[in-house]
Amino acid sequence: QVRLVESGGGLVQTGGSLELSCASATIVLSTNAVTWHRQVPGKEREWVATVVSGGATNYADSVYPRFHISRDNARNTVNLLMTNLQPQDSGTYYCNTQWRGRPYWGQGTQVTVSS
């Protein structure tokens, strides 16, 4: 079974930075596309960024160029460095990947940006 675990969330002031990490003990993330999404209560989950197996990246307009997605293959993680954070970046951040045609999500990590 695929298990993803997000970490690194927390409380930060406007303009600050956080780095989130998505780890898996059950699959090799470097062979899969991994995406980050975020969600606030009452709204749909929003796509944030993707890194594909070849390393190419893509970002939502709302976060580019403040966010940077990267792989740490030695640690089997996909990280999301978030800079110049704004209150509208607050939410629960989830990572996602597909394995054998099925999507898998982590439990999420909370990011709160205070104004």
# chains A, B, ... in the order shown; residues from 1 in each chain; ligands from 1
$ closest_atom_pairs --of "region 2-50 of chain A" --to "region 75-98 of chain A" --cutoff "6 Å" --atoms "only C-alpha atoms" --output "tab-separated table"
residue	atom	partner	partner_atom	distance
A:Thr14	CA	A:Gln86	CA	5.1
A:Gly15	CA	A:Asn84	CA	4.0
A:Gly16	CA	A:Asn84	CA	5.3
A:Ser17	CA	A:Thr83	CA	4.3
A:Leu18	CA	A:Met82	CA	5.3
A:Glu19	CA	A:Leu81	CA	4.3
A:Leu20	CA	A:Leu80	CA	5.0
A:Ser21	CA	A:Asn79	CA	4.4
A:Cys22	CA	A:Val78	CA	5.1
A:Ala23	CA	A:Thr77	CA	4.5
A:Leu29	CA	A:Asn76	CA	5.9
A:Val34	CA	A:Thr97	CA	4.8
A:Thr35	CA	A:Asn96	CA	5.2
A:Trp36	CA	A:Cys95	CA	4.5
A:His37	CA	A:Tyr94	CA	5.2
A:Arg38	CA	A:Tyr93	CA	4.3
A:Gln39	CA	A:Thr92	CA	5.3
A:Val40	CA	A:Gly91	CA	4.8
$ select_by_dssp --residues "chain A" --states "helix (DSSP H, G or I)" --output "list of chain:residue names"
A:Leu29, A:Ser30, A:Thr31, A:Pro87, A:Gln88, A:Asp89
$ write_last_selection --atoms "all heavy atoms" --output "CSV table (one decimal), in the first residue's frame"
chain,number,residue,atom,x,y,z
A,29,LEU,N,9.6,7.7,-4.7
A,29,LEU,CA,9.0,8.8,-5.3
A,29,LEU,C,9.6,9.4,-6.5
A,29,LEU,O,9.0,10.0,-7.4
A,29,LEU,CB,8.9,10.0,-4.2
A,29,LEU,CG,8.0,9.7,-3.0
A,29,LEU,CD1,8.1,10.8,-2.0
A,29,LEU,CD2,6.6,9.5,-3.4
A,30,SER,N,10.9,9.1,-6.7
A,30,SER,CA,11.6,9.6,-7.9
A,30,SER,C,11.1,9.0,-9.2
A,30,SER,O,11.3,9.6,-10.3
A,30,SER,CB,13.1,9.4,-7.8
A,30,SER,OG,13.4,8.0,-7.7
A,31,THR,N,10.4,7.9,-9.2
A,31,THR,CA,9.9,7.3,-10.4
A,31,THR,C,8.4,7.8,-10.7
A,31,THR,O,7.9,7.3,-11.7
A,31,THR,CB,9.9,5.8,-10.2
A,31,THR,OG1,9.0,5.4,-9.1
A,31,THR,CG2,11.3,5.3,-10.0
A,87,PRO,N,-1.1,35.6,3.7
A,87,PRO,CA,-2.2,35.0,4.4
A,87,PRO,C,-3.0,34.0,3.5
A,87,PRO,O,-3.6,33.0,4.0
A,87,PRO,CB,-3.0,36.2,4.9
A,87,PRO,CG,-2.0,37.2,5.1
A,87,PRO,CD,-1.0,37.0,4.0
A,88,GLN,N,-3.2,34.4,2.2
A,88,GLN,CA,-4.0,33.5,1.3
A,88,GLN,C,-3.3,32.2,1.0
A,88,GLN,O,-3.9,31.3,0.4
A,88,GLN,CB,-4.3,34.3,0.0
A,88,GLN,CG,-3.1,34.8,-0.7
A,88,GLN,CD,-2.8,36.2,-0.4
A,88,GLN,OE1,-2.9,36.7,0.7
A,88,GLN,NE2,-2.3,37.0,-1.4
A,89,ASP,N,-2.1,32.0,1.4
A,89,ASP,CA,-1.4,30.7,1.3
A,89,ASP,C,-1.7,29.8,2.4
A,89,ASP,O,-1.4,28.6,2.4
A,89,ASP,CB,0.1,30.9,1.3
A,89,ASP,CG,0.6,31.7,0.0
A,89,ASP,OD1,0.1,31.4,-1.1
A,89,ASP,OD2,1.5,32.6,0.2
